[in-house]
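Source file my_file.txt; content: compact mmCIF, C-alpha atoms and all ligand atoms.
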```txt
# COMPACT_ATOMS: atom_id res chain seq x y z
CA MET V 1 306.38 -10.40 194.67
CA ILE V 2 302.82 -9.97 193.46
CA GLU V 3 301.66 -8.82 190.07
CA GLU V 4 300.73 -5.16 190.07
CA LYS V 5 298.02 -4.29 187.65
CA GLY V 6 299.13 -2.25 184.68
CA TYR V 7 302.77 -3.29 184.75
CA ALA V 8 304.40 -5.19 181.89
CA LEU V 9 307.71 -5.76 183.63
CA GLN V 10 308.49 -5.92 187.33
CA ILE V 11 312.01 -6.65 188.52
CA GLU V 12 312.92 -6.95 192.19
CA GLY V 13 316.23 -7.69 193.87
CA LEU V 14 317.77 -9.09 190.70
CA ASN V 15 321.33 -10.35 191.01
CA VAL V 16 323.34 -12.19 188.38
CA TRP V 17 326.71 -13.86 188.75
CA ILE V 18 328.76 -15.32 185.91
CA ARG V 19 331.68 -17.53 186.95
CA GLY V 20 331.49 -16.08 190.42
CA LYS V 21 331.65 -12.48 189.21
CA HIS V 22 328.78 -10.29 190.37
CA ILE V 23 327.43 -8.75 187.15
CA ILE V 24 323.93 -7.45 188.00
CA LYS V 25 323.63 -6.00 191.50
CA ASN V 26 320.27 -5.84 193.21
CA VAL V 27 318.38 -4.26 190.33
CA GLY V 28 314.71 -3.36 190.76
CA LEU V 29 312.39 -1.50 188.41
CA LYS V 30 308.85 -1.47 187.07
CA VAL V 31 307.61 -0.58 183.61
CA PRO V 32 303.92 0.01 182.85
CA LYS V 33 302.35 -1.67 179.83
CA ARG V 34 302.77 -0.14 176.37
CA ARG V 35 305.82 1.91 177.24
CA ILE V 36 309.41 1.96 176.03
CA LEU V 37 312.21 1.59 178.59
CA ALA V 38 315.65 2.64 177.38
CA VAL V 39 318.54 0.92 179.17
CA MET V 40 321.76 2.90 179.04
CA GLY V 41 325.20 2.65 180.50
CA PRO V 42 328.86 2.28 179.55
CA SER V 43 330.22 -0.78 177.78
CA GLY V 44 330.46 -3.75 180.11
CA SER V 45 328.00 -2.34 182.63
CA GLY V 46 325.63 -5.30 182.29
CA LYS V 47 322.91 -4.14 179.86
CA SER V 48 322.92 -7.26 177.69
CA THR V 49 323.13 -9.46 180.76
CA LEU V 50 320.05 -7.72 182.15
CA LEU V 51 318.12 -8.51 178.94
CA ARG V 52 319.29 -12.13 179.10
CA ALA V 53 318.16 -12.35 182.70
CA ILE V 54 314.70 -11.11 181.68
CA ASN V 55 314.16 -13.76 178.99
CA ARG V 56 316.29 -16.47 180.60
CA LEU V 57 318.81 -16.71 177.79
CA ILE V 58 321.14 -16.46 180.79
CA ASP V 59 320.33 -20.15 181.39
CA LEU V 60 322.53 -20.88 178.37
CA ILE V 61 325.61 -19.24 179.91
CA PRO V 62 327.66 -21.80 181.82
CA GLU V 63 328.30 -21.10 185.51
CA SER V 64 325.69 -18.35 185.69
CA LYS V 65 323.48 -17.82 188.71
CA VAL V 66 320.40 -15.64 189.10
CA GLU V 67 318.62 -14.47 192.24
CA GLY V 68 315.58 -12.24 192.52
CA LYS V 69 312.27 -11.85 190.79
CA VAL V 70 311.23 -11.03 187.26
CA LEU V 71 307.55 -10.77 186.35
CA VAL V 72 306.54 -10.28 182.71
CA TYR V 73 302.86 -9.51 182.26
CA GLY V 74 302.32 -11.29 185.54
CA THR V 75 304.31 -14.41 184.60
CA ASP V 76 306.99 -15.29 187.11
CA VAL V 77 309.87 -15.87 184.70
CA TYR V 78 311.96 -18.05 187.01
CA SER V 79 309.20 -20.38 188.12
CA GLU V 80 307.74 -21.06 184.66
CA ASP V 81 309.04 -23.34 181.96
CA PRO V 82 311.79 -21.36 180.12
CA TYR V 83 310.34 -22.14 176.67
CA ARG V 84 306.98 -20.73 177.68
CA VAL V 85 308.69 -17.71 179.17
CA ARG V 86 310.56 -17.00 175.96
CA ARG V 87 307.35 -17.25 173.95
CA LEU V 88 306.12 -14.16 175.80
CA MET V 89 309.13 -12.22 174.59
CA GLY V 90 310.88 -11.36 171.37
CA MET V 91 314.49 -10.32 171.03
CA VAL V 92 316.51 -8.43 168.45
CA PHE V 93 320.28 -8.44 168.79
CA GLN V 94 322.80 -5.76 167.96
CA THR V 95 324.10 -7.53 164.85
CA PRO V 96 321.38 -8.55 162.41
CA ASN V 97 321.13 -12.34 162.45
CA PRO V 98 318.52 -13.44 159.93
CA PHE V 99 318.56 -17.16 159.10
CA PRO V 100 321.01 -17.04 156.17
CA ASN V 101 319.64 -20.00 154.21
CA MET V 102 315.98 -19.03 154.42
CA SER V 103 314.22 -16.57 152.16
CA ILE V 104 312.97 -13.23 153.46
CA TYR V 105 309.49 -14.77 153.62
CA GLU V 106 310.64 -17.89 155.45
CA ASN V 107 312.58 -15.87 158.01
CA VAL V 108 309.31 -14.36 159.18
CA ALA V 109 307.10 -17.41 158.56
CA ILE V 110 309.18 -20.04 160.34
CA GLY V 111 308.29 -19.00 163.91
CA PRO V 112 304.50 -18.94 163.44
CA LYS V 113 304.71 -22.24 161.52
CA LEU V 114 306.72 -24.03 164.20
CA ASN V 115 304.48 -22.65 166.93
CA ARG V 116 301.31 -23.50 164.99
CA LEU V 117 299.96 -19.96 165.18
CA VAL V 118 298.28 -20.18 161.79
CA ARG V 119 295.87 -22.66 160.23
CA SER V 120 296.27 -21.96 156.53
CA LYS V 121 298.71 -20.67 153.96
CA ASP V 122 296.54 -17.58 153.49
CA GLU V 123 296.65 -16.83 157.18
CA LEU V 124 300.43 -17.26 157.16
CA ASN V 125 300.82 -14.93 154.17
CA GLU V 126 298.68 -12.39 155.97
CA LEU V 127 300.78 -12.64 159.14
CA VAL V 128 304.09 -12.34 157.24
CA ARG V 129 302.82 -9.25 155.49
CA TRP V 130 301.53 -7.79 158.76
CA ALA V 131 304.88 -8.33 160.53
CA LEU V 132 306.87 -6.85 157.63
CA GLU V 133 304.55 -3.84 157.56
CA LYS V 134 304.90 -3.32 161.31
CA ALA V 135 308.69 -3.44 160.89
CA MET V 136 308.37 -0.87 158.07
CA LEU V 137 310.02 -3.20 155.59
CA TRP V 138 307.10 -4.44 153.48
CA ASP V 139 307.31 -1.83 150.73
CA GLU V 140 311.00 -2.55 150.23
CA VAL V 141 310.69 -6.34 150.02
CA LYS V 142 307.19 -7.16 148.76
CA GLY V 143 308.49 -7.91 145.26
CA ARG V 144 311.40 -10.06 146.43
CA LEU V 145 310.16 -12.22 149.27
CA ASP V 146 312.02 -15.25 147.89
CA ASP V 147 315.42 -13.56 148.01
CA LEU V 148 317.92 -14.61 150.63
CA PRO V 149 318.46 -12.02 153.39
CA HIS V 150 322.12 -11.34 152.56
CA ARG V 151 320.85 -9.36 149.58
CA LEU V 152 319.32 -6.82 151.96
CA SER V 153 321.22 -3.90 153.50
CA GLY V 154 322.22 -4.16 157.17
CA GLY V 155 319.39 -1.88 158.22
CA GLN V 156 316.88 -3.89 156.19
CA GLN V 157 318.21 -7.11 157.72
CA GLN V 158 317.71 -5.60 161.15
CA ARG V 159 314.11 -4.71 160.29
CA LEU V 160 313.68 -8.28 159.02
CA CYS V 161 314.80 -9.51 162.44
CA LEU V 162 312.28 -7.16 164.02
CA ALA V 163 309.54 -8.58 161.74
CA ARG V 164 310.63 -12.13 162.65
CA ALA V 165 310.23 -11.28 166.33
CA LEU V 166 306.88 -9.50 165.81
CA ALA V 167 305.39 -12.43 163.88
CA LEU V 168 305.27 -14.33 167.19
CA LYS V 169 303.24 -11.51 168.76
CA PRO V 170 305.47 -10.99 171.80
CA LYS V 171 304.14 -9.06 174.78
CA LEU V 172 307.60 -7.85 175.68
CA LEU V 173 310.12 -6.96 173.02
CA LEU V 174 313.79 -6.88 174.04
CA LEU V 175 316.11 -4.98 171.73
CA ASP V 176 319.86 -4.96 172.27
CA GLU V 177 321.19 -1.89 170.46
CA PRO V 178 319.10 -2.60 167.37
CA THR V 179 320.41 0.47 165.59
CA GLY V 180 324.03 0.10 166.67
CA ASN V 181 325.14 -1.23 163.30
CA VAL V 182 322.86 0.62 160.93
CA ASP V 183 323.01 3.96 159.14
CA PRO V 184 321.09 6.98 160.48
CA VAL V 185 318.27 6.68 157.93
CA ASN V 186 317.64 3.07 158.89
CA ALA V 187 317.99 3.94 162.57
CA VAL V 188 315.18 6.48 162.25
CA LYS V 189 313.03 3.92 160.40
CA ILE V 190 313.51 1.45 163.22
CA GLU V 191 312.69 4.10 165.80
CA GLU V 192 309.51 5.03 163.93
CA ALA V 193 308.54 1.38 163.63
CA LEU V 194 308.98 0.92 167.39
CA ARG V 195 306.99 3.99 168.34
CA SER V 196 304.12 3.04 166.04
CA LEU V 197 303.99 -0.48 167.51
CA LEU V 198 302.85 0.94 170.82
CA ARG V 199 299.96 2.70 169.18
CA ASP V 200 298.53 -0.45 167.62
CA LEU V 201 299.58 -3.37 169.80
CA GLU V 202 299.62 -4.63 173.35
CA ILE V 203 303.39 -4.58 173.53
CA THR V 204 306.07 -3.17 175.80
CA ILE V 205 309.64 -2.56 174.74
CA VAL V 206 312.99 -2.69 176.53
CA LEU V 207 315.64 -1.09 174.35
CA VAL V 208 319.36 -1.05 175.10
CA THR V 209 320.93 1.96 173.47
CA HIS V 210 324.26 3.74 173.52
CA THR V 211 322.76 6.89 172.09
CA PRO V 212 321.36 9.35 174.62
CA HIS V 213 319.53 11.20 171.84
CA GLN V 214 317.79 8.02 170.79
CA ALA V 215 316.77 7.27 174.35
CA VAL V 216 315.35 10.75 174.81
CA ARG V 217 313.58 10.64 171.43
CA ILE V 218 311.75 7.39 171.85
CA SER V 219 311.64 6.18 175.43
CA ASP V 220 309.14 6.80 178.22
CA TYR V 221 311.49 5.55 180.94
CA ILE V 222 315.26 5.44 181.28
CA ALA V 223 317.33 3.03 183.34
CA PHE V 224 320.98 3.88 183.70
CA ILE V 225 323.30 1.05 184.70
CA TYR V 226 326.85 1.43 185.92
CA MET V 227 328.97 -1.58 186.83
CA GLY V 228 325.87 -3.69 187.30
CA GLU V 229 324.07 -1.21 189.53
CA LEU V 230 320.96 0.70 188.61
CA VAL V 231 322.10 4.21 189.43
CA GLU V 232 319.12 6.02 187.97
CA PHE V 233 315.63 5.02 186.88
CA GLY V 234 312.58 7.08 186.08
CA LEU V 235 310.55 8.93 183.51
CA THR V 236 312.61 9.99 180.51
CA ASP V 237 311.46 13.60 180.70
CA THR V 238 312.48 13.85 184.33
CA ILE V 239 315.88 12.25 183.83
CA ALA V 240 316.70 14.18 180.67
CA LEU V 241 315.85 17.50 182.32
CA ASN V 242 317.14 16.78 185.76
CA PRO V 243 319.52 13.83 186.07
CA ARG V 244 320.39 13.20 189.71
CA HIS V 245 323.46 11.08 189.37
CA GLU V 246 326.74 12.57 188.21
CA LEU V 247 327.34 9.57 185.95
CA THR V 248 324.04 10.07 184.18
CA VAL V 249 324.91 13.70 183.56
CA LYS V 250 328.24 12.68 182.07
CA PHE V 251 326.66 9.94 179.99
CA LEU V 252 323.99 12.22 178.61
CA ARG V 253 326.76 14.62 177.64
CA GLY V 254 328.64 11.79 175.95
CA GLU V 255 331.55 11.86 178.41
CA VAL V 256 331.53 8.21 179.57
N1 LIG V 301 329.09 -15.26 178.79
C1 LIG V 301 329.84 -14.53 179.63
N2 LIG V 301 330.90 -15.08 180.28
C2 LIG V 301 331.65 -14.35 181.12
N3 LIG V 301 331.44 -13.06 181.40
C3 LIG V 301 330.42 -12.45 180.81
C4 LIG V 301 329.56 -13.14 179.89
N4 LIG V 301 328.63 -12.27 179.45
C5 LIG V 301 328.89 -11.10 180.07
N5 LIG V 301 329.95 -11.21 180.89
C6 LIG V 301 330.54 -10.11 181.70
O1 LIG V 301 329.48 -9.37 182.28
C7 LIG V 301 329.78 -7.97 182.26
C8 LIG V 301 328.64 -7.24 181.60
O2 LIG V 301 328.58 -7.62 180.24
P1 LIG V 301 327.40 -7.17 179.29
O3 LIG V 301 327.61 -7.85 177.98
O4 LIG V 301 326.11 -7.40 179.96
O5 LIG V 301 327.66 -5.60 179.18
P2 LIG V 301 326.96 -4.50 178.26
O6 LIG V 301 326.54 -3.40 179.15
O7 LIG V 301 325.94 -5.15 177.40
O8 LIG V 301 328.18 -3.98 177.36
P3 LIG V 301 328.20 -3.46 175.83
O9 LIG V 301 327.65 -2.06 175.87
O10 LIG V 301 329.64 -3.47 175.47
O11 LIG V 301 327.37 -4.40 175.01
C9 LIG V 301 331.11 -7.83 181.56
O12 LIG V 301 332.10 -7.71 182.54
C10 LIG V 301 331.27 -9.11 180.81
O13 LIG V 301 332.61 -9.48 180.69
MG MG V 302 325.76 -5.45 175.36
```

If you took the structure in this file and wrote it as structure tokens, what would it be?
Ligand SMILES: Nc1ncnc2c1ncn2[C@@H]1O[C@H](COP(=O)(O)OP(=O)(O)OP(=O)(O)O)[C@@H](O)[C@H]1O
Ligand SMILES: [Mg+2]
Amino acid sequence: MIEEKGYALQIEGLNVWIRGKHIIKNVGLKVPKRRILAVMGPSGSGKSTLLRAINRLIDLIPESKVEGKVLVYGTDVYSEDPYRVRRLMGMVFQTPNPFPNMSIYENVAIGPKLNRLVRSKDELNELVRWALEKAMLWDEVKGRLDDLPHRLSGGQQQRLCLARALALKPKLLLLDEPTGNVDPVNAVKIEEALRSLLRDLEITIVLVTHTPHQAVRISDYIAFIYMGELVEFGLTDTIALNPRHELTVKFLRGEV
């Protein structure tokens, strides 16, 4: 597969097996740069596995096998060094997982420090502030950067994890139900933060969500997965107005 100009993510003929079970079945899709793709589908359909196949966290699952192509900003994910591949991408998981023994500041600063992205303490402070602002958390934590993260609410912890990911300036941001465990007010804050990222940064987002309303509100493209198969993929407006597959219709109505 060749890199097509303008695309952030190209997937072709992707298949994943775990312990011999076929989990992702011949998935192919393309997402232009600076767009949000919402991945939807019932529980167990393979959404998280798809994200793990994109950033190669799948390598960590014993007895897993991947076939097919994934290109991220032109980088062939399965022929590059996995550490370099993961540096292109950030990930936020469903349950907030800040480093519990590091301060709010350190949670964001540790990645840039380890990857030598900054040359001075001032530059690091600037980057931490920038990432917390982009995650729409700065105003809530600027006076308490030395606190441990367990003193934040769940939604704030999730935004801290978003800031931690952003501090590494990923090209592709993978989010696995980032608002699944947070209250509606925090969910809206996270959605706003995501939308505004696209305005200011060269970034593309893949967002797994269980909430059809959320997908319609913030995504440009929707992929609907059922039992490992991509049953529908296209522009959000088209799919929301005119879903072709019966399962998508049911899902959008909240029936599956
Ligand atoms: N580490 C693993 N070992 C064995 N099977 C796995 C593993 N990870 C995922 N699977 C299987 O792959 C299938 C898809 O799982 P996956 O977690 O990708 O679904 P999902 O769409 O993210 O579901 P949910 O909405 O509940 O998060 C399931 O049948 C699951 O049991
Ligand atoms: Mg999942």

Contact residues around segment 145-151 of chain V with all atoms listed in the file at 8 Å, ignoring same-chain residues under 3 positions, as a CSV table (one decimal) with C-alpha atoms, in the frame of the given file:
```csv
chain,number,residue,atom,x,y,z
V,98,PRO,CA,318.5,-13.4,159.9
V,99,PHE,CA,318.6,-17.2,159.1
V,100,PRO,CA,321.0,-17.0,156.2
V,101,ASN,CA,319.6,-20.0,154.2
V,102,MET,CA,316.0,-19.0,154.4
V,103,SER,CA,314.2,-16.6,152.2
V,104,ILE,CA,313.0,-13.2,153.5
V,105,TYR,CA,309.5,-14.8,153.6
V,141,VAL,CA,310.7,-6.3,150.0
V,142,LYS,CA,307.2,-7.2,148.8
V,157,GLN,CA,318.2,-7.1,157.7
```

key: Counting only C-alpha atoms, the option among V:Val208, V:Ile36, V:Leu152, V:Leu168 closest to Pro96 of chain V   =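 The closest residue to Pro96 of chain V is V:Leu152.
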
key: Cut-off 9 Å, only C-alpha atoms and all ligand atoms, neighbours of ligand LIG 301 (chain V) as an MDAnalysis selection string   = chainID V and resid 17:19 21:24 40:52 58 60:64 94 176:177 208:210 225:228

Counting all atoms listed in the file, the option among V:Ala223, V:Val72, V:Leu175, V:Val16 closest to ligand MG 302 (chain V) =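 Closest to ligand MG 302 (chain V) of all the choices is V:Leu175.
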
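Comparing V:Leu137, V:Ala53, V:Ala193, V:Leu117 by their smallest distance to Glu67 of chain V, the closest is V:Ala53 (using all atoms listed in the file).
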
ask   = What gap, in Å, lies between atom CA of Ser79 of chain V and atom CA of Glu3 of chain V?
value =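 Going from atom CA of Ser79 of chain V over to atom CA of Glu3 of chain V covers 13.9 Å.
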
Please determine an axis-aligned box that encloses all atoms of segment 14-26 of chain V listed in the file, with 8 Å added on each side, and express its centre and edge lengths in Å to one decimal as AutoDock Vina command-line options.
```
--center_x 324.7 --center_y -11.7 --center_z 189.6 --size_x 29.9 --size_y 27.7 --size_z 23.3
```

task = Between atom CA of Arg87 of chain V and atom CA of Asn107 of chain V, measure the distance and give it in Å to one decimal.
result =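 Atom CA of Asn107 of chain V lies at a distance of 16.8 Å from atom CA of Arg87 of chain V.
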
Mind filling out segment 68-99 of chain V with N, CA and C atoms and sending it as a CSV table (one decimal), in the coordinates of the input?
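Saved as selection-v5.csv:
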```csv
chain,number,residue,atom,x,y,z
V,68,GLY,N,316.5,-13.4,192.6
V,68,GLY,CA,315.6,-12.2,192.5
V,68,GLY,C,314.4,-12.6,191.7
V,69,LYS,N,313.5,-11.6,191.5
V,69,LYS,CA,312.3,-11.8,190.8
V,69,LYS,C,312.1,-11.1,189.5
V,70,VAL,N,311.6,-11.7,188.5
V,70,VAL,CA,311.2,-11.0,187.3
V,70,VAL,C,309.8,-11.5,186.9
V,71,LEU,N,308.9,-10.5,186.8
V,71,LEU,CA,307.6,-10.8,186.4
V,71,LEU,C,307.3,-10.1,185.0
V,72,VAL,N,306.8,-10.8,184.0
V,72,VAL,CA,306.5,-10.3,182.7
V,72,VAL,C,305.1,-10.5,182.5
V,73,TYR,N,304.3,-9.4,182.4
V,73,TYR,CA,302.9,-9.5,182.3
V,73,TYR,C,302.3,-10.5,183.3
V,74,GLY,N,302.8,-10.4,184.5
V,74,GLY,CA,302.3,-11.3,185.5
V,74,GLY,C,302.9,-12.7,185.6
V,75,THR,N,303.7,-13.1,184.6
V,75,THR,CA,304.3,-14.4,184.6
V,75,THR,C,305.6,-14.3,185.3
V,76,ASP,N,305.8,-15.2,186.3
V,76,ASP,CA,307.0,-15.3,187.1
V,76,ASP,C,308.0,-16.1,186.3
V,77,VAL,N,309.0,-15.3,185.7
V,77,VAL,CA,309.9,-15.9,184.7
V,77,VAL,C,310.7,-17.1,185.2
V,78,TYR,N,311.1,-17.0,186.5
V,78,TYR,CA,312.0,-18.0,187.0
V,78,TYR,C,311.2,-19.2,187.7
V,79,SER,N,309.9,-19.2,187.6
V,79,SER,CA,309.2,-20.4,188.1
V,79,SER,C,308.4,-21.0,187.0
V,80,GLU,N,308.4,-20.5,185.8
V,80,GLU,CA,307.7,-21.1,184.7
V,80,GLU,C,308.7,-21.8,183.8
V,81,ASP,N,308.2,-22.6,182.9
V,81,ASP,CA,309.0,-23.3,182.0
V,81,ASP,C,309.7,-22.3,181.0
V,82,PRO,N,311.1,-22.4,180.9
V,82,PRO,CA,311.8,-21.4,180.1
V,82,PRO,C,311.3,-21.2,178.7
V,83,TYR,N,310.8,-22.3,178.1
V,83,TYR,CA,310.3,-22.1,176.7
V,83,TYR,C,309.1,-21.3,176.6
V,84,ARG,N,308.2,-21.5,177.6
V,84,ARG,CA,307.0,-20.7,177.7
V,84,ARG,C,307.3,-19.3,178.0
V,85,VAL,N,308.3,-19.1,178.8
V,85,VAL,CA,308.7,-17.7,179.2
V,85,VAL,C,309.2,-17.0,177.9
V,86,ARG,N,310.0,-17.7,177.1
V,86,ARG,CA,310.6,-17.0,176.0
V,86,ARG,C,309.5,-16.7,174.9
V,87,ARG,N,308.4,-17.5,174.9
V,87,ARG,CA,307.4,-17.2,174.0
V,87,ARG,C,306.6,-15.9,174.2
V,88,LEU,N,306.7,-15.5,175.5
V,88,LEU,CA,306.1,-14.2,175.8
V,88,LEU,C,306.9,-13.0,175.2
V,89,MET,N,308.2,-13.3,174.9
V,89,MET,CA,309.1,-12.2,174.6
V,89,MET,C,309.8,-12.4,173.2
V,90,GLY,N,310.1,-11.3,172.6
V,90,GLY,CA,310.9,-11.4,171.4
V,90,GLY,C,312.2,-10.7,171.6
V,91,MET,N,313.2,-11.0,170.8
V,91,MET,CA,314.5,-10.3,171.0
V,91,MET,C,315.1,-10.0,169.7
V,92,VAL,N,315.7,-8.8,169.6
V,92,VAL,CA,316.5,-8.4,168.4
V,92,VAL,C,317.9,-8.1,168.9
V,93,PHE,N,318.9,-8.6,168.3
V,93,PHE,CA,320.3,-8.4,168.8
V,93,PHE,C,321.0,-7.3,168.0
V,94,GLN,N,322.1,-6.9,168.5
V,94,GLN,CA,322.8,-5.8,168.0
V,94,GLN,C,323.2,-6.0,166.5
V,95,THR,N,323.7,-7.2,166.2
V,95,THR,CA,324.1,-7.5,164.8
V,95,THR,C,322.9,-8.3,164.2
V,96,PRO,N,322.5,-7.8,163.0
V,96,PRO,CA,321.4,-8.6,162.4
V,96,PRO,C,321.7,-10.0,162.2
V,97,ASN,N,320.8,-10.9,162.6
V,97,ASN,CA,321.1,-12.3,162.4
V,97,ASN,C,320.0,-13.1,161.8
V,98,PRO,N,319.6,-12.7,160.6
V,98,PRO,CA,318.5,-13.4,159.9
V,98,PRO,C,319.0,-14.8,159.6
V,99,PHE,N,318.1,-15.8,159.5
V,99,PHE,CA,318.6,-17.2,159.1
V,99,PHE,C,319.1,-17.1,157.7
```
